[in-house]
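Listing of target-v3.cif, mmCIF, C-alpha atoms
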```cif
data_final
#
loop_
_atom_site.label_atom_id
_atom_site.label_comp_id
_atom_site.auth_asym_id
_atom_site.auth_seq_id
_atom_site.Cartn_x
_atom_site.Cartn_y
_atom_site.Cartn_z
CA MET A 1 -184.16 30.04 44.26
CA ARG A 2 -181.25 28.02 42.86
CA LEU A 3 -178.31 28.41 45.20
CA SER A 4 -175.84 26.12 43.46
CA VAL A 5 -174.59 25.66 39.92
CA ALA A 6 -176.28 22.72 38.18
CA VAL A 7 -173.07 21.87 36.28
CA ALA A 8 -171.00 20.94 39.33
CA ILE A 9 -173.56 18.58 40.95
CA SER A 10 -173.09 14.84 40.40
CA HIS A 11 -175.26 13.23 43.10
CA GLY A 12 -175.55 9.48 42.71
CA ARG A 13 -173.27 9.16 39.68
CA VAL A 14 -171.38 5.89 40.11
CA TYR A 15 -169.10 5.88 37.07
CA ARG A 16 -165.99 8.06 37.06
CA LYS A 17 -165.00 10.10 34.03
CA LEU A 18 -161.67 8.80 32.70
CA GLY A 19 -159.71 9.54 29.54
CA LEU A 20 -161.01 11.63 26.66
CA GLY A 21 -164.66 10.53 26.66
CA PRO A 22 -166.97 7.53 27.24
CA ARG A 23 -165.47 5.49 24.40
CA SER A 24 -161.92 6.33 25.55
CA ARG A 25 -162.85 5.39 29.13
CA LEU A 26 -164.05 1.97 27.99
CA ASP A 27 -160.89 1.45 25.95
CA LEU A 28 -158.71 2.38 28.93
CA LEU A 29 -160.57 -0.02 31.20
CA ARG A 30 -160.44 -2.73 28.57
CA ASN A 31 -156.66 -2.41 28.30
CA LEU A 32 -156.35 -2.64 32.07
CA VAL A 33 -158.58 -5.73 32.25
CA THR A 34 -156.55 -7.42 29.50
CA ALA A 35 -153.32 -6.63 31.35
CA LEU A 36 -154.74 -7.97 34.60
CA VAL A 37 -155.81 -11.25 33.02
CA ARG A 38 -152.40 -11.59 31.36
CA HIS A 39 -150.11 -10.63 34.25
CA GLU A 40 -152.44 -11.30 37.23
CA ARG A 41 -151.04 -8.29 39.11
CA ILE A 42 -150.84 -4.73 37.82
CA GLU A 43 -150.04 -1.27 39.12
CA ALA A 44 -152.25 1.59 38.01
CA PRO A 45 -153.65 4.90 39.25
CA TRP A 46 -156.07 4.17 42.07
CA ALA A 47 -159.14 5.61 40.33
CA ARG A 48 -158.60 3.50 37.21
CA ALA A 49 -157.87 0.36 39.25
CA ASP A 50 -161.01 0.93 41.31
CA GLU A 51 -163.19 1.32 38.18
CA MET A 52 -161.55 -1.70 36.61
CA GLN A 53 -162.10 -3.95 39.62
CA GLY A 54 -165.86 -4.05 39.06
CA TYR A 55 -165.52 -4.83 35.36
CA ALA A 56 -162.89 -7.55 35.99
CA GLU A 57 -165.05 -9.29 38.59
CA ARG A 58 -168.10 -9.24 36.33
CA LEU A 59 -165.99 -10.68 33.51
CA ILE A 60 -164.93 -13.58 35.75
CA GLU A 61 -168.57 -14.14 36.72
CA TYR A 62 -169.46 -14.36 33.03
CA ALA A 63 -166.53 -16.76 32.50
CA LYS A 64 -167.89 -18.98 35.29
CA LEU A 65 -171.07 -19.47 33.23
CA GLY A 66 -168.99 -21.57 30.85
CA ASP A 67 -167.29 -21.69 27.50
CA THR A 68 -170.40 -22.69 25.57
CA ASN A 69 -172.45 -19.71 26.76
CA GLU A 70 -172.85 -17.38 23.78
CA TYR A 71 -173.16 -14.20 25.82
CA ALA A 72 -170.14 -15.06 27.98
CA MET A 73 -168.04 -15.62 24.88
CA ARG A 74 -169.15 -12.29 23.38
CA MET A 75 -168.28 -10.48 26.62
CA ALA A 76 -164.85 -12.12 26.78
CA ASN A 77 -164.28 -11.28 23.12
CA PHE A 78 -165.02 -7.62 23.73
CA TRP A 79 -163.14 -7.19 26.98
CA LEU A 80 -159.97 -9.11 26.16
CA THR A 81 -158.17 -7.52 23.24
CA GLU A 82 -155.52 -10.27 23.15
CA LYS A 83 -157.41 -13.35 21.99
CA ASP A 84 -155.13 -15.97 23.57
CA LEU A 85 -156.29 -14.67 26.95
CA ILE A 86 -159.85 -15.85 26.24
CA HIS A 87 -158.53 -19.41 26.51
CA LYS A 88 -156.74 -18.53 29.74
CA LEU A 89 -159.88 -16.93 31.15
CA PHE A 90 -162.15 -19.91 30.51
CA LYS A 91 -159.64 -22.70 31.19
CA VAL A 92 -157.56 -21.29 34.08
CA LEU A 93 -159.39 -18.47 35.87
CA ALA A 94 -162.95 -19.86 35.75
CA PRO A 95 -162.00 -23.20 37.45
CA ARG A 96 -159.76 -21.33 39.93
CA PHE A 97 -162.63 -19.13 41.11
CA GLN A 98 -165.43 -21.70 40.83
CA PRO A 99 -165.62 -22.40 44.60
CA HIS A 100 -165.52 -18.69 45.53
CA PRO A 101 -168.85 -16.77 45.51
CA GLY A 102 -167.35 -13.36 44.79
CA SER A 103 -164.43 -10.90 45.27
CA TYR A 104 -161.84 -12.41 42.97
CA THR A 105 -159.54 -9.37 43.05
CA ARG A 106 -157.60 -7.52 45.73
CA LEU A 107 -157.02 -3.78 45.52
CA LEU A 108 -154.32 -2.24 47.74
CA GLN A 109 -152.89 1.24 47.80
CA ILE A 110 -149.16 1.76 47.27
CA PRO A 111 -146.97 4.85 47.92
CA ASN A 112 -147.57 7.74 45.49
CA ARG A 113 -145.95 7.62 42.08
CA ASP A 114 -142.35 8.91 41.90
CA GLY A 115 -142.94 11.21 38.93
CA LEU A 116 -143.92 14.88 38.96
CA ASP A 117 -147.64 14.17 39.43
CA ARG A 118 -147.31 12.13 42.69
CA ALA A 119 -150.46 10.24 41.67
CA LYS A 120 -152.31 7.95 44.06
CA MET A 121 -151.39 4.46 42.83
CA ALA A 122 -152.83 1.06 43.58
CA VAL A 123 -151.92 -2.53 42.85
CA ILE A 124 -154.73 -4.85 41.80
CA GLU A 125 -154.23 -8.59 41.64
CA LEU A 126 -156.27 -11.71 41.09
CA LYS A 127 -156.47 -13.89 44.20
CA GLY A 128 -154.64 -17.19 44.00
CA ASN A 129 -152.00 -15.94 41.58
CA PRO A 130 -148.61 -17.76 41.44
CA LEU A 131 -146.59 -14.59 42.04
CA PRO A 132 -144.95 -13.77 45.43
CA PRO A 133 -147.57 -12.46 47.88
CA LEU A 134 -147.80 -8.75 48.65
CA ILE A 135 -146.72 -8.26 52.24
CA CYS A 136 -149.96 -6.96 53.65
CA ARG A 137 -150.29 -7.25 57.39
CA HIS A 138 -153.77 -7.95 58.69
CA ARG A 139 -154.59 -6.30 61.97
CA ASP A 140 -155.87 -8.39 64.83
CA THR A 141 -159.41 -7.23 65.54
CA GLU A 142 -161.23 -7.82 68.78
CA LYS A 143 -163.84 -9.86 66.95
CA THR A 144 -161.61 -12.87 66.18
CA LEU A 145 -162.46 -16.05 68.08
CA LEU A 146 -159.13 -16.17 69.90
CA ASN A 147 -159.44 -12.59 71.09
CA GLN A 148 -163.01 -13.15 72.26
CA LEU A 149 -161.94 -16.25 74.26
CA LEU A 150 -159.05 -14.34 75.83
CA LYS A 151 -161.39 -11.50 76.73
CA GLY A 152 -163.80 -13.93 78.37
CA TYR A 153 -160.93 -15.52 80.28
CA ARG A 154 -159.77 -12.14 81.55
CA GLU A 155 -163.29 -11.27 82.71
CA ASP A 156 -163.60 -14.61 84.51
CA LEU A 157 -160.33 -13.96 86.33
CA GLN A 158 -161.55 -10.52 87.40
CA GLN A 159 -164.83 -11.93 88.68
CA ALA A 160 -162.94 -14.65 90.54
CA THR A 161 -160.56 -12.17 92.28
CA ALA A 162 -163.15 -9.41 92.96
CA PRO A 163 -165.60 -11.14 95.44
CA LEU B 1 -166.95 72.76 15.61
CA VAL B 2 -164.81 72.50 18.71
CA LEU B 3 -161.97 70.03 18.40
CA VAL B 4 -160.81 68.76 21.80
CA LEU B 5 -157.26 67.48 21.86
CA SER B 6 -157.56 63.82 22.80
CA PRO B 7 -154.53 62.41 24.63
CA LEU B 8 -153.71 59.87 21.91
CA PRO B 9 -152.58 61.48 18.66
CA ARG B 10 -153.47 58.32 16.72
CA LEU B 11 -157.02 58.55 17.98
CA ARG B 12 -157.16 62.21 16.93
CA GLY B 13 -156.08 61.28 13.42
CA LEU B 14 -158.73 58.54 13.35
CA LEU B 15 -161.38 61.00 14.51
CA GLN B 16 -160.42 63.54 11.87
CA HIS B 17 -160.58 60.82 9.24
CA CYS B 18 -164.01 59.71 10.45
CA TRP B 19 -165.30 63.27 10.52
CA GLY B 20 -163.99 63.93 7.00
CA ARG B 21 -165.80 60.81 5.74
CA LEU B 22 -169.00 61.88 7.45
CA GLU B 23 -168.73 65.42 5.92
CA ARG B 24 -168.18 64.01 2.47
CA SER B 25 -171.11 61.61 2.76
CA LEU B 26 -173.48 64.29 4.12
CA LEU B 27 -172.43 67.15 1.79
CA PRO B 28 -171.01 65.66 -1.40
CA GLY B 29 -170.66 69.08 -2.99
CA PHE B 30 -168.78 70.58 -0.02
CA SER B 31 -165.36 68.81 -0.24
CA GLY B 32 -162.62 71.36 0.53
CA SER B 33 -163.46 75.01 1.21
CA GLN B 34 -166.23 75.56 -1.36
CA SER B 35 -169.50 77.14 -0.25
CA PRO B 36 -172.42 74.69 0.05
CA PRO B 37 -174.70 74.58 -3.05
CA TRP B 38 -177.79 75.31 -0.97
CA GLY B 39 -178.59 77.98 1.61
CA PRO B 40 -180.20 77.46 4.97
CA ALA B 41 -183.75 76.01 4.46
CA LEU B 42 -185.02 76.97 7.89
CA ALA B 43 -183.73 79.14 10.78
CA VAL B 44 -184.76 77.77 14.16
CA GLN B 45 -184.16 79.18 17.63
CA ALA B 46 -181.88 76.67 19.24
CA PRO B 47 -179.81 76.55 22.45
CA ALA B 48 -176.47 78.34 22.28
CA PHE B 49 -174.46 75.20 22.89
CA LEU B 50 -175.31 72.32 20.58
CA PRO B 51 -174.24 68.82 21.52
CA GLU B 52 -171.41 68.22 19.09
CA PRO B 53 -171.77 65.19 16.90
CA GLY B 54 -168.00 64.79 17.12
CA SER B 55 -168.16 64.30 20.89
CA ASP B 56 -170.64 61.37 20.51
CA LEU B 57 -168.34 59.73 17.98
CA ARG B 58 -165.45 60.32 20.34
CA GLU B 59 -167.25 58.70 23.28
CA SER B 60 -168.30 55.68 21.26
CA ASN B 61 -164.71 55.39 19.94
CA GLU B 62 -163.00 55.93 23.28
CA ALA B 63 -165.10 53.51 25.40
CA PRO B 64 -163.18 50.37 24.36
CA SER B 65 -159.80 52.14 24.66
CA LEU B 66 -157.49 51.15 27.48
CA PHE B 67 -157.07 54.62 28.96
CA ASP B 68 -160.70 54.82 30.13
CA SER B 69 -161.21 51.19 31.01
CA ILE B 70 -158.28 51.44 33.46
CA LEU B 71 -160.49 53.72 35.53
CA TRP B 72 -163.11 50.90 35.87
CA MET B 73 -160.70 48.06 36.84
CA ALA B 74 -160.51 46.68 40.40
CA ALA B 75 -157.52 47.79 42.46
CA PRO B 76 -156.69 47.63 46.15
CA LYS B 77 -157.63 50.78 48.02
CA LYS B 78 -155.25 50.48 50.96
CA ARG B 79 -152.09 48.59 51.75
CA ARG B 80 -152.80 45.33 53.55
CA THR B 81 -151.18 45.58 56.97
CA ILE B 82 -148.83 42.90 58.21
CA GLU B 83 -151.38 41.91 60.88
CA VAL B 84 -154.05 41.24 58.26
CA ASN B 85 -151.52 39.45 56.09
CA ARG B 86 -150.45 37.25 59.00
CA CYS B 87 -154.07 36.36 59.75
CA ARG B 88 -154.57 35.22 56.17
CA ARG B 89 -151.26 33.42 55.76
CA ARG B 90 -151.43 31.57 59.06
CA HIS B 91 -155.08 30.53 58.89
CA PRO B 92 -155.42 26.75 59.59
CA SER B 93 -156.93 26.13 56.16
CA LYS B 94 -153.69 27.38 54.55
CA LEU B 95 -151.21 25.53 56.74
CA ILE B 96 -149.97 22.05 55.78
CA LYS B 97 -151.84 19.44 57.84
CA VAL B 98 -149.87 17.23 60.22
CA LYS B 99 -150.16 13.53 59.32
CA ARG B 100 -150.97 11.32 62.29
CA ASN B 101 -151.35 8.03 60.36
CA ILE B 102 -147.65 7.16 60.02
CA ASP B 103 -146.62 3.77 61.42
CA VAL B 104 -143.56 1.55 61.45
CA CYS B 105 -143.69 -1.50 59.15
CA PRO B 106 -143.34 -4.61 61.36
CA GLU B 107 -141.43 -6.53 58.65
CA CYS B 108 -138.65 -4.09 57.68
CA GLY B 109 -138.89 -1.23 60.17
CA ASN B 110 -139.37 1.52 57.57
CA LEU B 111 -142.09 4.12 57.97
CA LYS B 112 -145.38 3.62 56.20
CA LEU B 113 -148.85 5.17 56.15
CA LYS B 114 -151.43 3.03 57.92
CA HIS B 115 -153.66 2.33 54.91
CA VAL B 116 -150.83 2.08 52.35
CA LEU B 117 -148.43 -0.80 51.70
CA CYS B 118 -144.83 -0.41 52.93
CA GLY B 119 -142.69 1.05 50.13
CA TYR B 120 -139.62 -1.06 50.88
CA CYS B 121 -141.52 -4.36 51.14
CA TYR B 122 -143.47 -3.58 47.97
CA ALA B 123 -140.24 -2.76 46.10
CA LYS B 124 -138.83 -6.12 47.27
CA VAL B 125 -141.88 -8.01 45.98
CA LYS B 126 -141.87 -6.00 42.74
CA ALA B 127 -138.20 -6.88 42.03
CA GLU B 128 -138.84 -10.58 42.58
CA THR B 129 -142.00 -10.47 40.42
CA ARG B 130 -139.99 -8.85 37.64
CA LEU B 131 -137.44 -11.66 37.68
CA ILE B 132 -140.20 -14.27 37.69
CA ARG B 133 -141.83 -12.55 34.72
CA ILE B 134 -138.51 -12.61 32.81
CA GLU B 135 -138.42 -16.39 33.37
CA ILE B 136 -142.03 -16.67 32.21
CA GLY B 137 -141.13 -14.68 29.09
CA LYS B 138 -138.25 -17.04 28.32
CA LYS B 139 -140.54 -20.04 28.77
CA GLU B 140 -143.31 -18.68 26.56
CA GLY B 141 -140.93 -17.62 23.81
CA GLY B 142 -142.95 -15.00 21.97
CA PRO B 143 -145.89 -12.69 22.59
CA PHE B 144 -149.51 -13.88 22.93
CA ASN B 145 -148.58 -17.34 24.24
CA ALA B 146 -150.57 -17.32 27.46
CA PRO B 147 -150.78 -20.89 28.80
CA THR B 148 -154.07 -22.66 29.43
CA VAL B 149 -152.82 -24.20 32.71
CA GLU B 150 -151.95 -22.75 36.11
CA THR B 151 -148.38 -21.69 36.92
CA VAL B 152 -146.24 -22.48 39.95
CA VAL B 153 -142.86 -20.95 40.89
CA LEU B 154 -140.17 -23.26 42.33
CA TYR B 155 -136.84 -22.22 43.76
CA ASP B 156 -133.50 -24.08 44.18
CA GLY B 157 -133.82 -27.71 45.11
CA GLU B 158 -137.62 -27.82 45.23
CA LYS B 159 -139.68 -30.54 43.67
CA PRO B 160 -143.24 -30.12 42.44
CA SER B 161 -145.64 -31.59 44.97
CA GLN B 162 -148.70 -33.71 44.06
CA LYS B 163 -150.85 -30.52 44.28
CA ASP B 164 -148.80 -29.10 41.37
CA GLU B 165 -149.85 -31.77 38.88
CA GLY B 166 -150.39 -30.41 35.39
CA LYS B 167 -149.14 -26.91 36.24
CA ARG B 168 -146.53 -25.05 34.27
CA ILE B 169 -143.31 -24.86 36.35
CA ILE B 170 -141.20 -21.69 36.47
CA GLU B 171 -137.71 -22.24 37.88
CA ARG B 172 -135.89 -19.51 39.76
CA ALA B 173 -132.18 -20.03 40.39
CA ARG B 174 -131.99 -18.84 43.95
CA LYS B 175 -132.96 -19.79 47.48
CA ARG B 176 -136.63 -19.29 48.38
CA PRO B 177 -137.12 -15.89 50.11
CA SER B 178 -138.45 -16.12 53.66
CA TRP B 179 -141.54 -14.06 52.90
CA PHE B 180 -142.62 -16.23 49.94
CA VAL B 181 -144.27 -19.16 51.68
CA GLN B 182 -144.67 -22.30 49.59
CA ASN B 183 -148.29 -23.55 49.49
#
```
Would you write out, as structure tokens, the structure that this file holds?
Amino acid sequence: MRLSVAVAISHGRVYRKLGLGPRSRLDLLRNLVTALVRHERIEAPWARADEMQGYAERLIEYAKLGDTNEYAMRMANFWLTEKDLIHKLFKVLAPRFQPHPGSYTRLLQIPNRDGLDRAKMAVIELKGNPLPPLICRHRDTEKTLLNQLLKGYREDLQQATAP
Amino acid sequence: LVLVLSPLPRLRGLLQHCWGRLERSLLPGFSGSQSPPWGPALAVQAPAFLPEPGSDLRESNEAPSLFDSILWMAAPKKRRTIEVNRCRRRHPSKLIKVKRNIDVCPECGNLKLKHVLCGYCYAKVKAETRLIRIEIGKKEGGPFNAPTVETVVLYDGEKPSQKDEGKRIIERARKRPSWFVQN
């Protein structure tokens, strides 16, 4: 017996629905990718920035294949609506990210938008950009080398004082 | 024919009109008070009370009317007591949850959520980025002039180092902020 409505189930669907339809969703993401490549740091609703992160990273991977690659050029031509950014992508971003194996973007959440909708916003930026860094404090975890050495030292002291 | 006064006079008029049309269609020679052209063909013993055709029409006409459908609509049977109301209004699912992930930003001392950037620090960075972008706009001149080289931002009295060979230089006419560390 069917206990749940088939319409509301979306198990395993990875792509979010954005905009007015699939074509509109691709256009939205394309605009965001173009803006990211142009300005290297943009603010957007968190869902859109999250979707866009995957597409932007794949575009950079294609750019790393090289200028002469036909498929890479076709991808860049589709995804970047402003054609002067294709030059920037292949001549600036591809050499910048050549040593890195992956994760060329950073996605961080910012306080909710000030307007009526109080939307969850995020800022997405390319790593290594010339702009001032976002003040993002990294927490000290126990797994860092320094913390592990200090922990070992503390244990040694305890063992020395105990017997 | 027994005519029952229906509560809505408009409906009564409609019924009379419908019945008149039916009469005229069934007995075309009997419009007005003339005697019918034919006599009774057959006399049958029938029950004293015949189900009136008018009443069926009436029922089929009255079913969609508002007066009857009000009787089938849902309505509360009893007043909800204040105890029941309190139970519903104060249920934990309806109360606003208390946030326990608020921290103090170590840089500026404002409050921030743990997984979110500090609003004050982000506004600071955003203002500086805006000024840098204005300078970039002045340097580029028009739209669609993205450079094909890297960019570096230098403040008052700073010289480009040997790492900054071949990069486009953006000058900012102020002292370097403490949180923008030069690489």
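For the file shown, the residue list from the PyMOL selection byres ((chain B) within 8 of (chain A)) reads His115, Val116, Leu117, Cys118, Gly119, Cys121, Tyr122, Val125, Glu128, Thr129, Ile132, Phe144, Asn145, Ala146, Pro147, Thr148, Val149, Glu150, Thr151, Val152, Val153, Trp179 and Phe180 of chain B.
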In terms of only C-alpha atoms, the residue from B:Ala127, B:Leu22, B:Gly166, B:Leu113 at minimal distance from Arg100 of chain B is B:Leu113
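In terms of minimum interatomic distance to Pro106 of chain B, B:Tyr120 ranks closest within B:Lys159, B:Tyr120, B:Gly141, B:Glu23, counting all atoms listed in the file.
Note that atom CA of Arg21 of chain B and atom CA of Val44 of chain B are 26.8 Å apart.
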Could you list as a VMD selection string every residue that has an atom within 12 Å of (-170.9, -19.5, 35.4), using the file's coordinates and counting only C-alpha atoms? chain A and resid 58 to 73 90 93 to 95 97 to 102
If you take every atom of segment 77-87 of chain A that the file lists and fit an axis-aligned box around them with 8 Å extra on each side, what centre and edge lengths come out in Å to one decimal, as lines of an AutoDock Vina configuration file?
```
center_x = -160.1
center_y = -13.3
center_z = 24.5
size_x = 25.9
size_y = 28.2
size_z = 21.0
```
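In this model, the gap between atom CA of Gly19 of chain A and atom CA of Val7 of chain A comes to 19.4 Å.
Residues selected in this file by the PyMOL selection byres ((chain A and resi 29) around 10) comprise Leu18, Gly19, Ser24, Arg25, Leu26, Asp27, Leu28, Arg30, Asn31, Leu32, Val33, Thr34, Ala35, Arg48, Ala49, Glu51, Met52, Gln53, Tyr55, Ala56 and Trp79 of chain A.
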Hey, what comes out of the PyMOL selection byres ((chain A and resi 104) around 6) on this file? Could you write it as a PyMOL selection string? chain A and resi 102-103+105+126-127
Pick out the closest residue to Pro45 of chain A from this set: A:Gly21, A:Val14, A:Leu149, A:Ile124. Count only C-alpha atoms. A:Ile124
Will you model N, CA, C and O atoms for segment 53-72 of chain A and pass it back as an mmCIF file, in the coordinates of the input?
```
data_model
loop_
_atom_site.group_PDB
_atom_site.id
_atom_site.type_symbol
_atom_site.label_atom_id
_atom_site.label_comp_id
_atom_site.auth_asym_id
_atom_site.auth_seq_id
_atom_site.Cartn_x
_atom_site.Cartn_y
_atom_site.Cartn_z
ATOM 1 N N GLN A 53 -161.861 -2.793 38.764
ATOM 2 C CA GLN A 53 -162.100 -3.950 39.620
ATOM 3 C C GLN A 53 -163.504 -4.512 39.372
ATOM 4 O O GLN A 53 -163.663 -5.734 39.222
ATOM 5 N N GLY A 54 -164.487 -3.596 39.282
ATOM 6 C CA GLY A 54 -165.860 -4.050 39.060
ATOM 7 C C GLY A 54 -166.001 -4.786 37.739
ATOM 8 O O GLY A 54 -166.622 -5.855 37.656
ATOM 9 N N TYR A 55 -165.419 -4.201 36.681
ATOM 10 C CA TYR A 55 -165.520 -4.830 35.360
ATOM 11 C C TYR A 55 -164.821 -6.172 35.332
ATOM 12 O O TYR A 55 -165.326 -7.142 34.742
ATOM 13 N N ALA A 56 -163.642 -6.285 35.994
ATOM 14 C CA ALA A 56 -162.890 -7.550 35.990
ATOM 15 C C ALA A 56 -163.691 -8.633 36.700
ATOM 16 O O ALA A 56 -163.795 -9.775 36.222
ATOM 17 N N GLU A 57 -164.302 -8.283 37.845
ATOM 18 C CA GLU A 57 -165.050 -9.290 38.590
ATOM 19 C C GLU A 57 -166.269 -9.752 37.821
ATOM 20 O O GLU A 57 -166.594 -10.949 37.803
ATOM 21 N N ARG A 58 -166.940 -8.823 37.136
ATOM 22 C CA ARG A 58 -168.100 -9.240 36.330
ATOM 23 C C ARG A 58 -167.676 -10.132 35.188
ATOM 24 O O ARG A 58 -168.381 -11.060 34.816
ATOM 25 N N LEU A 59 -166.483 -9.847 34.609
ATOM 26 C CA LEU A 59 -165.990 -10.680 33.510
ATOM 27 C C LEU A 59 -165.755 -12.099 34.001
ATOM 28 O O LEU A 59 -166.105 -13.067 33.319
ATOM 29 N N ILE A 60 -165.176 -12.230 35.208
ATOM 30 C CA ILE A 60 -164.930 -13.580 35.750
ATOM 31 C C ILE A 60 -166.251 -14.282 36.031
ATOM 32 O O ILE A 60 -166.384 -15.496 35.816
ATOM 33 N N GLU A 61 -167.257 -13.520 36.480
ATOM 34 C CA GLU A 61 -168.570 -14.140 36.720
ATOM 35 C C GLU A 61 -169.158 -14.669 35.420
ATOM 36 O O GLU A 61 -169.748 -15.753 35.380
ATOM 37 N N TYR A 62 -169.014 -13.893 34.335
ATOM 38 C CA TYR A 62 -169.460 -14.360 33.030
ATOM 39 C C TYR A 62 -168.692 -15.601 32.609
ATOM 40 O O TYR A 62 -169.265 -16.544 32.051
ATOM 41 N N ALA A 63 -167.350 -15.614 32.895
ATOM 42 C CA ALA A 63 -166.530 -16.760 32.500
ATOM 43 C C ALA A 63 -166.977 -18.007 33.249
ATOM 44 O O ALA A 63 -166.929 -19.119 32.714
ATOM 45 N N LYS A 64 -167.452 -17.820 34.490
ATOM 46 C CA LYS A 64 -167.890 -18.980 35.290
ATOM 47 C C LYS A 64 -169.117 -19.632 34.668
ATOM 48 O O LYS A 64 -169.386 -20.806 34.926
ATOM 49 N N LEU A 65 -169.884 -18.886 33.869
ATOM 50 C CA LEU A 65 -171.070 -19.470 33.230
ATOM 51 C C LEU A 65 -170.686 -20.569 32.249
ATOM 52 O O LEU A 65 -171.502 -21.438 31.958
ATOM 53 N N GLY A 66 -169.437 -20.474 31.706
ATOM 54 C CA GLY A 66 -168.990 -21.570 30.850
ATOM 55 C C GLY A 66 -168.627 -21.104 29.467
ATOM 56 O O GLY A 66 -169.029 -20.044 28.988
ATOM 57 N N ASP A 67 -167.810 -21.930 28.838
ATOM 58 C CA ASP A 67 -167.290 -21.690 27.500
ATOM 59 C C ASP A 67 -168.396 -21.649 26.458
ATOM 60 O O ASP A 67 -168.380 -20.859 25.527
ATOM 61 N N THR A 68 -169.384 -22.524 26.606
ATOM 62 C CA THR A 68 -170.400 -22.690 25.570
ATOM 63 C C THR A 68 -171.424 -21.562 25.573
ATOM 64 O O THR A 68 -172.145 -21.381 24.611
ATOM 65 N N ASN A 69 -171.473 -20.796 26.661
ATOM 66 C CA ASN A 69 -172.450 -19.710 26.760
ATOM 67 C C ASN A 69 -172.112 -18.619 25.747
ATOM 68 O O ASN A 69 -171.023 -18.052 25.781
ATOM 69 N N GLU A 70 -173.096 -18.315 24.885
ATOM 70 C CA GLU A 70 -172.850 -17.380 23.780
ATOM 71 C C GLU A 70 -172.530 -15.975 24.308
ATOM 72 O O GLU A 70 -171.610 -15.295 23.867
ATOM 73 N N TYR A 71 -173.326 -15.560 25.306
ATOM 74 C CA TYR A 71 -173.160 -14.200 25.820
ATOM 75 C C TYR A 71 -171.824 -14.042 26.540
ATOM 76 O O TYR A 71 -171.149 -13.027 26.405
ATOM 77 N N ALA A 72 -171.426 -15.107 27.275
ATOM 78 C CA ALA A 72 -170.140 -15.060 27.980
ATOM 79 C C ALA A 72 -168.994 -14.936 26.983
ATOM 80 O O ALA A 72 -168.050 -14.160 27.192
#
```
